[in-house]
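Engineer: One file is attached below, structure_34.tsv, containing TSV, C-alpha atoms.
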chain	number	residue	atom	x	y	z
A	19	MET	CA	40.52	-2.16	7.32
A	20	ASP	CA	38.06	-3.80	4.94
A	21	THR	CA	38.73	-3.39	1.22
A	22	ILE	CA	35.73	-2.83	-1.04
A	23	GLY	CA	35.94	-3.49	-4.76
A	24	ILE	CA	33.80	-1.50	-7.18
A	25	LEU	CA	33.61	-2.80	-10.72
A	26	GLY	CA	32.70	-0.09	-13.22
A	27	ALA	CA	33.83	2.65	-10.85
A	28	THR	CA	34.07	5.28	-13.60
A	29	GLY	CA	30.41	4.88	-14.58
A	30	ALA	CA	27.40	6.82	-13.32
A	31	ILE	CA	26.48	4.49	-10.44
A	32	GLY	CA	29.97	3.16	-9.69
A	33	SER	CA	31.60	6.59	-9.33
A	34	ARG	CA	28.87	7.76	-6.97
A	35	THR	CA	29.04	4.54	-4.92
A	36	LEU	CA	32.79	5.01	-4.58
A	37	LYS	CA	32.31	8.58	-3.39
A	38	LEU	CA	29.84	7.50	-0.69
A	39	LEU	CA	32.29	4.87	0.62
A	40	GLN	CA	35.44	6.99	0.51
A	41	GLY	CA	37.01	7.64	3.89
A	42	LYS	CA	35.27	4.64	5.45
A	43	TYR	CA	37.06	1.76	3.71
A	44	LYS	CA	40.03	0.99	1.53
A	45	LEU	CA	38.77	0.93	-2.03
A	46	ARG	CA	39.73	-0.89	-5.21
A	47	ALA	CA	38.10	0.48	-8.33
A	48	SER	CA	38.04	-0.76	-11.90
A	49	TYR	CA	38.02	1.06	-15.20
A	50	LEU	CA	38.14	-0.19	-18.77
A	51	ARG	CA	38.83	2.79	-21.05
A	52	ASN	CA	38.87	5.86	-18.81
A	53	GLU	CA	42.17	5.37	-17.03
A	54	LYS	CA	42.36	6.67	-13.47
A	55	GLN	CA	45.38	7.10	-11.22
A	56	SER	CA	45.44	5.40	-7.82
A	57	THR	CA	45.26	7.51	-4.68
A	58	LYS	CA	46.14	6.91	-1.04
A	59	ASP	CA	42.79	5.29	-0.24
A	60	CYS	CA	41.77	3.96	-3.67
A	61	GLU	CA	43.63	1.59	-5.96
A	62	TYR	CA	42.52	1.74	-9.60
A	63	MET	CA	42.88	-1.31	-11.85
A	64	ARG	CA	42.07	-1.85	-15.51
A	65	VAL	CA	39.56	-4.73	-15.70
A	66	ASP	CA	37.83	-6.35	-18.63
A	67	VAL	CA	34.82	-8.05	-17.00
A	68	SER	CA	34.61	-10.51	-19.88
A	69	LYS	CA	37.97	-11.97	-18.79
A	70	GLU	CA	37.98	-14.33	-15.82
A	71	GLU	CA	41.67	-13.71	-15.04
A	72	ASP	CA	41.05	-9.94	-14.77
A	73	LEU	CA	38.15	-10.50	-12.39
A	74	ARG	CA	40.05	-12.94	-10.18
A	75	GLU	CA	43.01	-10.57	-9.91
A	76	PHE	CA	40.71	-7.66	-9.07
A	77	MET	CA	38.80	-9.60	-6.39
A	78	ASP	CA	41.84	-11.06	-4.67
A	79	GLY	CA	41.74	-10.04	-1.01
A	80	LEU	CA	38.48	-8.06	-1.16
A	81	SER	CA	35.98	-7.92	1.71
A	82	ALA	CA	33.08	-7.31	-0.69
A	83	VAL	CA	32.55	-6.46	-4.36
A	84	VAL	CA	29.95	-4.20	-5.97
A	85	ASN	CA	29.18	-4.89	-9.63
A	86	CYS	CA	28.43	-1.61	-11.42
A	87	ALA	CA	30.08	-2.70	-14.68
A	88	GLY	CA	27.48	-2.41	-17.42
A	89	ALA	CA	24.45	-4.63	-17.95
A	90	SER	CA	24.19	-7.11	-15.08
A	91	TYR	CA	22.25	-9.52	-17.28
A	92	LEU	CA	25.36	-9.94	-19.42
A	93	ASN	CA	28.12	-10.06	-16.79
A	94	GLY	CA	26.33	-10.65	-13.47
A	95	GLU	CA	26.54	-14.43	-13.65
A	96	ARG	CA	30.27	-14.42	-14.44
A	97	VAL	CA	31.18	-11.89	-11.74
A	98	SER	CA	28.91	-13.31	-9.03
A	99	LYS	CA	30.11	-16.88	-9.55
A	100	ILE	CA	33.75	-15.88	-9.17
A	101	ALA	CA	32.84	-13.88	-6.06
A	102	GLY	CA	31.03	-16.95	-4.74
A	103	GLU	CA	33.97	-19.24	-5.34
A	104	LEU	CA	36.26	-16.76	-3.55
A	105	LYS	CA	33.72	-16.32	-0.69
A	106	ILE	CA	33.47	-12.57	-1.31
A	107	PRO	CA	30.04	-10.97	-0.63
A	108	TYR	CA	28.55	-9.82	-3.93
A	109	ILE	CA	26.37	-6.69	-4.25
A	110	ASP	CA	24.56	-5.87	-7.50
A	111	PRO	CA	22.56	-2.64	-8.07
A	112	SER	CA	20.62	-4.66	-10.65
A	113	GLY	CA	20.92	-8.45	-10.73
A	114	GLU	CA	17.31	-9.35	-10.26
A	115	THR	CA	15.69	-12.78	-10.19
A	116	PHE	CA	17.47	-14.07	-13.30
A	117	LEU	CA	20.59	-14.64	-11.16
A	118	GLU	CA	18.89	-16.79	-8.52
A	119	ASP	CA	18.82	-20.06	-10.48
A	120	LYS	CA	22.33	-19.47	-11.79
A	121	LEU	CA	23.69	-19.12	-8.25
A	122	ASP	CA	21.87	-22.12	-6.82
A	123	GLY	CA	25.04	-24.14	-6.24
A	124	LEU	CA	26.84	-21.31	-4.45
A	125	LYS	CA	24.08	-19.70	-2.39
A	126	ASN	CA	24.79	-21.69	0.78
A	127	ASP	CA	28.44	-20.65	0.94
A	128	ASN	CA	28.40	-16.95	0.14
A	129	ILE	CA	26.35	-13.76	0.49
A	130	PHE	CA	24.72	-12.37	-2.64
A	131	VAL	CA	22.64	-9.19	-2.43
A	132	LEU	CA	20.68	-8.37	-5.58
A	133	SER	CA	18.41	-5.46	-6.55
A	134	SER	CA	20.57	-2.93	-4.70
A	135	GLY	CA	19.73	0.11	-6.82
A	136	TYR	CA	16.91	2.62	-6.97
A	137	PHE	CA	14.45	0.38	-8.90
A	138	PRO	CA	14.53	-2.29	-7.76
A	139	GLY	CA	16.00	-1.39	-4.38
A	140	LEU	CA	14.92	1.98	-2.99
A	141	THR	CA	11.40	1.33	-4.27
A	142	GLY	CA	11.23	-1.84	-2.18
A	143	VAL	CA	12.66	-0.06	0.88
A	144	LEU	CA	9.91	2.59	0.61
A	145	MET	CA	7.24	-0.12	0.28
A	146	ARG	CA	8.56	-1.82	3.39
A	147	ASP	CA	8.63	1.48	5.29
A	148	ILE	CA	4.97	2.11	4.47
A	149	CYS	CA	3.88	-1.38	5.53
A	150	GLU	CA	5.92	-1.40	8.74
A	151	GLY	CA	4.22	1.86	9.76
A	152	PHE	CA	0.88	0.06	10.21
A	153	ASP	CA	-0.25	-2.47	12.80
A	154	GLU	CA	-2.16	-4.16	9.97
A	155	PRO	CA	-1.23	-3.08	6.42
A	156	ILE	CA	-4.03	-3.57	3.89
A	157	SER	CA	-3.03	-2.28	0.47
A	158	LEU	CA	-0.07	-0.80	-1.38
A	159	SER	CA	0.47	0.96	-4.68
A	160	GLY	CA	3.16	3.01	-6.32
A	161	TYR	CA	5.05	3.96	-9.44
A	162	SER	CA	8.34	5.35	-10.66
A	163	VAL	CA	8.78	7.88	-13.47
A	164	SER	CA	12.22	8.69	-14.85
A	165	GLU	CA	12.77	11.61	-17.19
A	166	GLU	CA	16.48	11.16	-17.74
A	167	ILE	CA	18.64	10.24	-20.71
A	168	PRO	CA	19.74	6.66	-19.97
A	169	SER	CA	23.07	5.13	-20.89
A	170	GLN	CA	23.26	2.34	-23.47
A	171	SER	CA	24.11	-0.20	-20.75
A	172	ALA	CA	21.10	0.95	-18.70
A	173	ILE	CA	18.82	0.42	-21.71
A	174	GLU	CA	20.37	-2.98	-22.40
A	175	ASP	CA	19.96	-4.02	-18.79
A	176	PHE	CA	16.35	-2.81	-18.77
A	177	ILE	CA	15.48	-4.86	-21.84
A	178	LEU	CA	17.27	-8.04	-20.83
A	179	THR	CA	16.20	-8.11	-17.18
A	180	ASN	CA	12.57	-7.53	-18.13
A	181	LEU	CA	12.80	-10.39	-20.60
A	182	SER	CA	14.10	-12.56	-17.78
A	183	GLY	CA	10.96	-12.06	-15.72
A	184	PHE	CA	11.48	-9.31	-13.15
A	185	GLY	CA	7.78	-8.52	-13.24
A	186	VAL	CA	4.45	-9.32	-14.88
A	187	THR	CA	3.12	-6.76	-17.35
A	188	GLY	CA	-0.55	-5.78	-17.05
A	189	SER	CA	-0.94	-7.51	-13.69
A	190	TYR	CA	-1.51	-6.76	-10.01
A	191	TYR	CA	-1.78	-8.69	-6.73
A	192	GLU	CA	-5.07	-9.31	-4.92
A	193	ASP	CA	-5.99	-11.78	-2.18
A	194	GLY	CA	-2.95	-13.97	-2.76
A	195	GLN	CA	-3.37	-14.17	-6.53
A	196	ILE	CA	-1.90	-12.40	-9.55
A	197	LYS	CA	-4.70	-10.86	-11.61
A	198	ARG	CA	-4.76	-9.20	-15.00
A	199	ASP	CA	-5.59	-5.55	-15.66
A	200	ASP	CA	-3.84	-3.63	-18.42
A	201	THR	CA	-6.20	-0.64	-18.28
A	202	PRO	CA	-4.08	2.54	-18.40
A	203	VAL	CA	-4.46	5.24	-15.77
A	204	VAL	CA	-3.28	8.83	-15.99
A	205	GLU	CA	-1.16	10.51	-13.32
A	206	ILE	CA	-0.27	14.22	-13.28
A	207	ILE	CA	3.38	14.74	-12.34
A	208	GLN	CA	5.12	18.11	-12.64
A	209	ASN	CA	1.96	19.33	-14.40
A	210	ILE	CA	2.49	16.73	-17.13
A	211	PRO	CA	0.08	13.80	-17.69
A	212	TYR	CA	1.69	10.36	-17.70
A	213	GLN	CA	0.02	7.16	-18.82
A	214	LEU	CA	0.66	4.34	-16.34
A	215	THR	CA	-0.11	0.64	-16.62
A	216	ASN	CA	0.03	-2.18	-14.09
A	217	TYR	CA	3.38	-3.94	-13.88
A	218	LEU	CA	3.59	-6.26	-10.89
A	219	SER	CA	7.27	-6.18	-9.98
A	220	VAL	CA	8.94	-8.93	-7.99
A	221	GLU	CA	9.40	-6.38	-5.21
A	222	ALA	CA	5.71	-5.51	-4.99
A	223	GLU	CA	4.62	-9.15	-4.99
A	224	HIS	CA	7.29	-10.02	-2.39
A	225	ILE	CA	6.12	-7.27	-0.03
A	226	ALA	CA	2.45	-8.14	-0.63
A	227	ARG	CA	2.98	-11.76	0.38
A	228	GLU	CA	5.24	-10.96	3.33
A	229	PHE	CA	2.74	-8.52	4.85
A	230	ASN	CA	-0.34	-10.47	3.74
A	231	LEU	CA	-1.74	-7.49	1.86
A	232	LYS	CA	-5.18	-7.58	0.35
A	233	LYS	CA	-4.03	-5.74	-2.76
A	234	ALA	CA	-0.81	-4.41	-4.31
A	235	ASN	CA	-0.26	-2.50	-7.55
A	236	TRP	CA	2.91	-1.22	-9.13
A	237	TYR	CA	2.67	0.96	-12.22
A	238	ASN	CA	5.11	1.69	-15.02
A	239	ALA	CA	5.05	4.88	-17.05
A	240	SER	CA	5.01	4.67	-20.83
A	241	PHE	CA	8.14	5.94	-22.60
A	242	GLY	CA	6.06	7.02	-25.60
A	243	GLN	CA	5.34	5.15	-28.82
A	244	GLU	CA	8.56	6.04	-30.64
A	245	ILE	CA	10.82	4.81	-27.84
A	246	ILE	CA	8.65	1.75	-27.13
A	247	GLY	CA	8.79	0.84	-30.80
A	248	LYS	CA	12.59	0.96	-30.78
A	249	LEU	CA	12.77	-1.11	-27.58
A	250	GLN	CA	10.42	-3.70	-29.09
A	251	GLN	CA	12.63	-3.84	-32.18
A	252	ALA	CA	15.68	-4.51	-29.98
A	253	ILE	CA	13.80	-7.25	-28.09
A	254	ILE	CA	12.82	-9.00	-31.34
A	255	GLU	CA	16.40	-8.83	-32.59
A	256	PHE	CA	17.73	-10.22	-29.32
A	257	ARG	CA	15.25	-13.10	-29.36
A	258	GLN	CA	16.29	-13.89	-32.93
A	259	GLY	CA	19.86	-14.21	-31.72
A	260	SER	CA	20.97	-11.22	-33.71
A	261	GLY	CA	23.74	-9.01	-32.36
A	262	LYS	CA	22.04	-6.20	-34.27
A	263	TYR	CA	20.02	-5.42	-31.14
A	264	LYS	CA	23.07	-3.63	-29.72
A	265	GLU	CA	23.07	-1.20	-32.66
A	266	THR	CA	19.36	-0.61	-32.18
A	267	ILE	CA	19.92	0.15	-28.49
A	268	LYS	CA	22.41	2.87	-29.44
A	269	GLU	CA	19.55	4.77	-31.04
A	270	VAL	CA	17.42	4.82	-27.87
A	271	PRO	CA	19.35	7.49	-25.89
A	272	LYS	CA	19.03	9.79	-28.91
A	273	LEU	CA	15.25	9.39	-28.79
A	274	PHE	CA	15.28	10.27	-25.09
A	275	GLU	CA	17.36	13.37	-25.90
A	276	LYS	CA	14.75	14.37	-28.44
A	277	LYS	CA	11.91	13.74	-26.00
A	278	LEU	CA	13.56	15.63	-23.14
A	279	GLN	CA	14.86	18.54	-25.16
A	280	ASP	CA	14.74	21.75	-23.07
A	281	LYS	CA	13.34	19.81	-20.10
A	282	GLU	CA	14.92	19.34	-16.69
A	283	GLY	CA	15.63	15.66	-16.06
A	284	TYR	CA	14.42	13.95	-12.90
A	285	THR	CA	13.34	10.67	-11.34
A	286	TYR	CA	10.23	10.47	-9.18
A	287	ILE	CA	9.10	7.59	-6.94
A	288	TYR	CA	5.70	7.55	-5.27
A	289	VAL	CA	4.42	4.88	-2.86
A	290	GLU	CA	1.20	4.89	-0.87
A	291	GLY	CA	-0.51	2.39	1.36
A	292	THR	CA	-3.51	1.93	3.62
A	293	GLY	CA	-3.69	0.09	6.90
A	294	LYS	CA	-4.87	0.02	10.48
A	295	LYS	CA	-3.05	1.59	13.40
A	296	ASN	CA	-4.42	1.73	16.93
A	297	GLY	CA	-7.70	0.37	15.59
A	298	MET	CA	-8.15	3.19	13.04
A	299	LEU	CA	-7.70	3.36	9.29
A	300	TYR	CA	-4.81	5.41	7.92
A	301	SER	CA	-3.30	6.20	4.56
A	302	SER	CA	0.45	6.73	4.31
A	303	LYS	CA	2.28	8.27	1.34
A	304	SER	CA	5.95	8.80	0.49
A	305	SER	CA	7.69	10.34	-2.48
A	306	VAL	CA	11.28	10.82	-3.59
A	307	ARG	CA	12.34	13.24	-6.28
A	308	CYS	CA	15.90	13.42	-7.56
A	309	SER	CA	17.62	14.96	-10.56
A	310	CYS	CA	19.78	11.85	-11.02
A	311	SER	CA	18.60	8.28	-10.42
A	312	SER	CA	22.22	7.10	-10.25
A	313	GLU	CA	22.54	8.93	-6.93
A	314	LEU	CA	19.69	6.86	-5.54
A	315	SER	CA	21.17	3.61	-6.86
A	316	ALA	CA	24.56	4.50	-5.39
A	317	LEU	CA	22.99	5.24	-2.01
A	318	ILE	CA	21.39	1.78	-1.88
A	319	ALA	CA	24.53	0.04	-3.15
A	320	ALA	CA	26.76	1.81	-0.60
A	321	SER	CA	24.28	1.24	2.23
A	322	THR	CA	24.12	-2.45	1.31
A	323	VAL	CA	27.92	-2.77	1.43
A	324	GLU	CA	28.00	-1.24	4.90
A	325	PHE	CA	25.19	-3.48	6.11
A	326	VAL	CA	26.90	-6.60	4.80
A	327	LEU	CA	30.18	-5.73	6.51
A	328	ASN	CA	28.67	-4.60	9.82
A	329	ASN	CA	26.06	-7.31	10.40
A	330	LYS	CA	26.09	-11.07	10.72
A	331	PHE	CA	23.48	-12.97	8.73
A	332	ASP	CA	23.19	-16.21	6.83
A	333	ALA	CA	24.76	-16.89	3.47
A	334	GLY	CA	22.32	-16.99	0.58
A	335	ILE	CA	20.61	-14.81	-2.01
A	336	HIS	CA	19.18	-11.66	-0.47
A	337	TYR	CA	17.52	-8.49	-1.71
A	338	ALA	CA	18.46	-5.03	-0.47
A	339	MET	CA	14.89	-4.24	0.58
A	340	ASP	CA	14.99	-7.19	3.01
A	341	LEU	CA	18.27	-6.17	4.66
A	342	LEU	CA	18.31	-2.40	4.85
A	343	ARG	CA	16.50	-0.55	7.63
A	344	PRO	CA	14.12	1.92	5.96
A	345	GLU	CA	14.59	4.62	8.57
A	346	GLU	CA	18.38	4.57	8.05
A	347	VAL	CA	18.08	4.77	4.26
A	348	ILE	CA	15.55	7.59	4.46
A	349	GLY	CA	17.80	9.39	6.94
A	350	ARG	CA	20.66	9.29	4.44
A	351	LEU	CA	18.58	10.84	1.67
A	352	LYS	CA	19.17	14.23	3.27
A	353	ASP	CA	22.87	13.91	2.43
A	354	LEU	CA	22.01	13.89	-1.27
A	355	SER	CA	20.26	16.35	-3.56
A	356	VAL	CA	17.01	14.49	-2.96
A	357	GLU	CA	13.54	15.66	-1.98
A	358	TYR	CA	11.81	13.18	0.30
A	359	LYS	CA	8.24	13.71	1.54
A	360	HIS	CA	6.04	11.63	3.80
A	361	ARG	CA	2.51	12.09	5.08
A	362	GLU	CA	0.02	10.06	7.08
A	363	SER	CA	-3.69	10.81	7.06
A	364	LEU	CA	-6.30	9.45	9.44
A	365	GLU	CA	-9.36	7.69	7.98
A	366	GLN	CA	-8.52	8.56	4.37
A	367	ILE	CA	-8.03	6.19	1.49
A	368	ILE	CA	-6.47	8.22	-1.29
A	369	GLU	CA	-6.46	6.84	-4.81
A	370	ILE	CA	-3.34	6.85	-6.94
A	371	GLY	CA	-3.33	10.06	-8.92
A	372	LYS	CA	-3.83	12.47	-6.01
A	373	GLU	CA	-0.32	13.86	-5.93
A	374	ASP	CA	-1.65	17.37	-5.30
A	375	SER	CA	-2.44	16.23	-1.74
A	376	PHE	CA	1.27	16.74	-1.06
A	377	GLU	CA	0.76	20.50	-0.82
A	378	GLU	CA	1.13	20.40	2.97
A	379	TYR	CA	2.96	17.87	5.07
A	380	GLU	CA	2.34	16.80	8.60
A	381	GLU	CA	5.69	15.12	9.24
A	382	GLY	CA	8.90	13.81	7.79
A	383	VAL	CA	9.70	16.53	5.24
A	384	ILE	CA	13.30	16.86	4.07
Just dump the structure as structure tokens.
Structural biologist:
Amino acid sequence: MDTIGILGATGAIGSRTLKLLQGKYKLRASYLRNEKQSTKDCEYMRVDVSKEEDLREFMDGLSAVVNCAGASYLNGERVSKIAGELKIPYIDPSGETFLEDKLDGLKNDNIFVLSSGYFPGLTGVLMRDICEGFDEPISLSGYSVSEEIPSQSAIEDFILTNLSGFGVTGSYYEDGQIKRDDTPVVEIIQNIPYQLTNYLSVEAEHIAREFNLKKANWYNASFGQEIIGKLQQAIIEFRQGSGKYKETIKEVPKLFEKKLQDKEGYTYIYVEGTGKKNGMLYSSKSSVRCSCSSELSALIAASTVEFVLNNKFDAGIHYAMDLLRPEEVIGRLKDLSVEYKHRESLEQIIEIGKEDSFEEYEEGVI
């Protein structure tokens, strides 16, 4: 039986990934401070991901490893390179484009799957599902809003991966070119107005070029001025080479707690596209709502592990959205506490901001 290693298995994403894989594989799970006792189907090991000897011992004999141990920007290179040397497929719920150059010398001898979380990851899968539903896709747009209290490592990863160039702020894709537009738009979600601005993610541009779209937009929601100010402070400190940025990051979850006081946390993803099918123009819209984004990330990470072990494909650097079959991922959403909705409309082009059109659904409601 294959043995799957999960680094950071006591964290939010790692623990949920482990749960989704239990009973299917032998598991090896790491912890750092929260000691766990091994069970019949899961061996727990204490691992400090900053120590190469710990990582090599943990990965010995694995069939694949999933890196859920903190900020991927800080440890992804170390972990993925050891996995590459040992020829162990590497899956990272984060690990965006910043890892590609660093893995250049190993990419022909091992499988690396990056962006295997909810964003990026599930967002790209939903984009692909929309485009594949048309004979000729034309345009695509979407956004993700998360009203949850993030962990310190999630905030650190967000800051550092965005600095490394996961997307282009204030930009969108049109006719093969990246164009500027930082004009904010307002979207009503859960009866609350959110200010969104263009942020062309690597995922959105990748899908746009693959399907030869005329236009593609991805939007980010503003966290609010107080939180943005603290994030900008952390970025400046990091760029100055000051370790003080870590102390600044510790303050961010407290600001989210203040912002979300007495509110129910959730994550919401919305993707819509237009295209031709059977010679007629359609619009297609999908949404996912979940109380915990870590569940969505774990679903993509676990699905990626299973795909890697059950399918033959070339070594190299891959992204989850290019490997996973959208219909299979969407089918598994029903096993979680997730609300998924999908609708197609004939001869309608619906602008972003028309979420109230989800009042009735023609098909695909879970």
Engineer: For Ser305 (chain A), find every residue with an atom within 8 Å (counting all atoms listed in the file), except residues of its own chain fewer than 5 positions away, and show them as a list in words.
Structural biologist: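 Result of the neighbour search: Tyr286, Ile287, Tyr288, Val289, Glu357, Tyr358, Lys359 and His360 of chain A.
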Engineer: So that I can check the surroundings of region 238-247 of chain A, please list as a list in words every protein, DNA and RNA residue that reaches within 8 Å of it, counting only C-alpha atoms and ignoring chain neighbours fewer than 4 positions away.
Structural biologist: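 With the cut-off at 8 Å, the set is Tyr161, Ser162, Val163, Tyr212, Gln213, Leu214, Thr215, Asn216, Tyr217, Gln251, Val270, Leu273 and Phe274 of chain A.
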Engineer: Taking 3 positions as the minimum chain separation for residues in the same chain, which residues sit within 10 Å of Val97 (chain A) when counting all atoms listed in the file? Answer as a ChimeraX atom specification.
Structural biologist: /A:25,67-70,73-74,77,83-85,87,90,92-94,100-102,108,110
Engineer: Only C-alpha atoms, please: the residues just picked out, written as a PDB file, in the frame of the given file.
Structural biologist:
ATOM      1  CA  LEU A  25      33.610  -2.800 -10.720  1.00  0.00           C
ATOM      2  CA  VAL A  67      34.820  -8.050 -17.000  1.00  0.00           C
ATOM      3  CA  SER A  68      34.610 -10.510 -19.880  1.00  0.00           C
ATOM      4  CA  LYS A  69      37.970 -11.970 -18.790  1.00  0.00           C
ATOM      5  CA  GLU A  70      37.980 -14.330 -15.820  1.00  0.00           C
ATOM      6  CA  LEU A  73      38.150 -10.500 -12.390  1.00  0.00           C
ATOM      7  CA  ARG A  74      40.050 -12.940 -10.180  1.00  0.00           C
ATOM      8  CA  MET A  77      38.800  -9.600  -6.390  1.00  0.00           C
ATOM      9  CA  VAL A  83      32.550  -6.460  -4.360  1.00  0.00           C
ATOM     10  CA  VAL A  84      29.950  -4.200  -5.970  1.00  0.00           C
ATOM     11  CA  ASN A  85      29.180  -4.890  -9.630  1.00  0.00           C
ATOM     12  CA  ALA A  87      30.080  -2.700 -14.680  1.00  0.00           C
ATOM     13  CA  SER A  90      24.190  -7.110 -15.080  1.00  0.00           C
ATOM     14  CA  LEU A  92      25.360  -9.940 -19.420  1.00  0.00           C
ATOM     15  CA  ASN A  93      28.120 -10.060 -16.790  1.00  0.00           C
ATOM     16  CA  GLY A  94      26.330 -10.650 -13.470  1.00  0.00           C
ATOM     17  CA  ILE A 100      33.750 -15.880  -9.170  1.00  0.00           C
ATOM     18  CA  ALA A 101      32.840 -13.880  -6.060  1.00  0.00           C
ATOM     19  CA  GLY A 102      31.030 -16.950  -4.740  1.00  0.00           C
ATOM     20  CA  TYR A 108      28.550  -9.820  -3.930  1.00  0.00           C
ATOM     21  CA  ASP A 110      24.560  -5.870  -7.500  1.00  0.00           C
TER      22      ASP A 110
END
Engineer: How far is it from CA of Gly142 (chain A) to CA of Trp236 (chain A), in Å with one decimal?
Structural biologist: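 Between CA of Gly142 (chain A) and CA of Trp236 (chain A) the gap works out to 10.9 Å.
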Engineer: So how many Å separate CA of Leu39 (chain A) and CA of Met339 (chain A), to one decimal?
Structural biologist: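 For CA of Leu39 (chain A) relative to CA of Met339 (chain A), the distance reads 19.6 Å.
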Engineer: Nearest to Glu71 (chain A): which of A:Glu282, A:Phe331, A:Arg96, A:Glu174 is it, counting only C-alpha atoms?
Structural biologist: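 Counting only C-alpha atoms, the residue closest to Glu71 (chain A) is A:Arg96.
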Engineer: Separation of CA of Glu95 (chain A) and CA of Tyr190 (chain A), in Å?
Structural biologist: 29.3 Å
Engineer: Counting all atoms listed in the file, which of A:Gln279, A:Ser321, A:Gln250, A:Asn209 gets nearest to Gly349 (chain A)?
Structural biologist: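 Closest candidate: A:Ser321.
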Engineer: Just want the 7 Å neighbourhood of Ser189 (chain A), counted on all atoms listed in the file, with same-chain residues fewer than 6 positions away dropped. Output as a VMD selection string.
Structural biologist: chain A and resid 196 to 200 216 to 218
Engineer: Here is a test: counting all atoms listed in the file, which residue of A:Asp147, A:Ser302, A:Ser260, A:Ser311 is nearest to Ala172 (chain A)?
Structural biologist: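 Among the listed residues, A:Ser311 lies closest to Ala172 (chain A).
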Engineer: Produce a table with one row for each residue of region 231-344 of chain A that has an atom at most 10 Å from any atom of region 131-134 of chain A, each row naming the nearest atom pair and its distance in Å at one decimal; use only C-alpha atoms; arrange rows by chain and rising residue number; format as a Markdown table.
Structural biologist:
| residue | atom | partner | partner_atom | distance |
| --- | --- | --- | --- | --- |
| A:Leu314 | CA | A:Ser134 | CA | 9.9 |
| A:Ser315 | CA | A:Ser134 | CA | 6.9 |
| A:Ala316 | CA | A:Ser134 | CA | 8.5 |
| A:Leu317 | CA | A:Ser134 | CA | 8.9 |
| A:Ile318 | CA | A:Ser134 | CA | 5.6 |
| A:Ala319 | CA | A:Ser134 | CA | 5.2 |
| A:Ala320 | CA | A:Ser134 | CA | 8.8 |
| A:Ser321 | CA | A:Ser134 | CA | 8.9 |
| A:Thr322 | CA | A:Ser134 | CA | 7.0 |
| A:Val323 | CA | A:Val131 | CA | 9.2 |
| A:Val326 | CA | A:Val131 | CA | 8.8 |
| A:Ala333 | CA | A:Val131 | CA | 9.9 |
| A:Gly334 | CA | A:Val131 | CA | 8.4 |
| A:Ile335 | CA | A:Val131 | CA | 6.0 |
| A:His336 | CA | A:Val131 | CA | 4.7 |
| A:Tyr337 | CA | A:Leu132 | CA | 5.0 |
| A:Ala338 | CA | A:Ser134 | CA | 5.2 |
| A:Met339 | CA | A:Ser134 | CA | 7.9 |
| A:Asp340 | CA | A:Val131 | CA | 9.6 |
| A:Leu341 | CA | A:Val131 | CA | 8.9 |
| A:Leu342 | CA | A:Ser134 | CA | 9.8 |
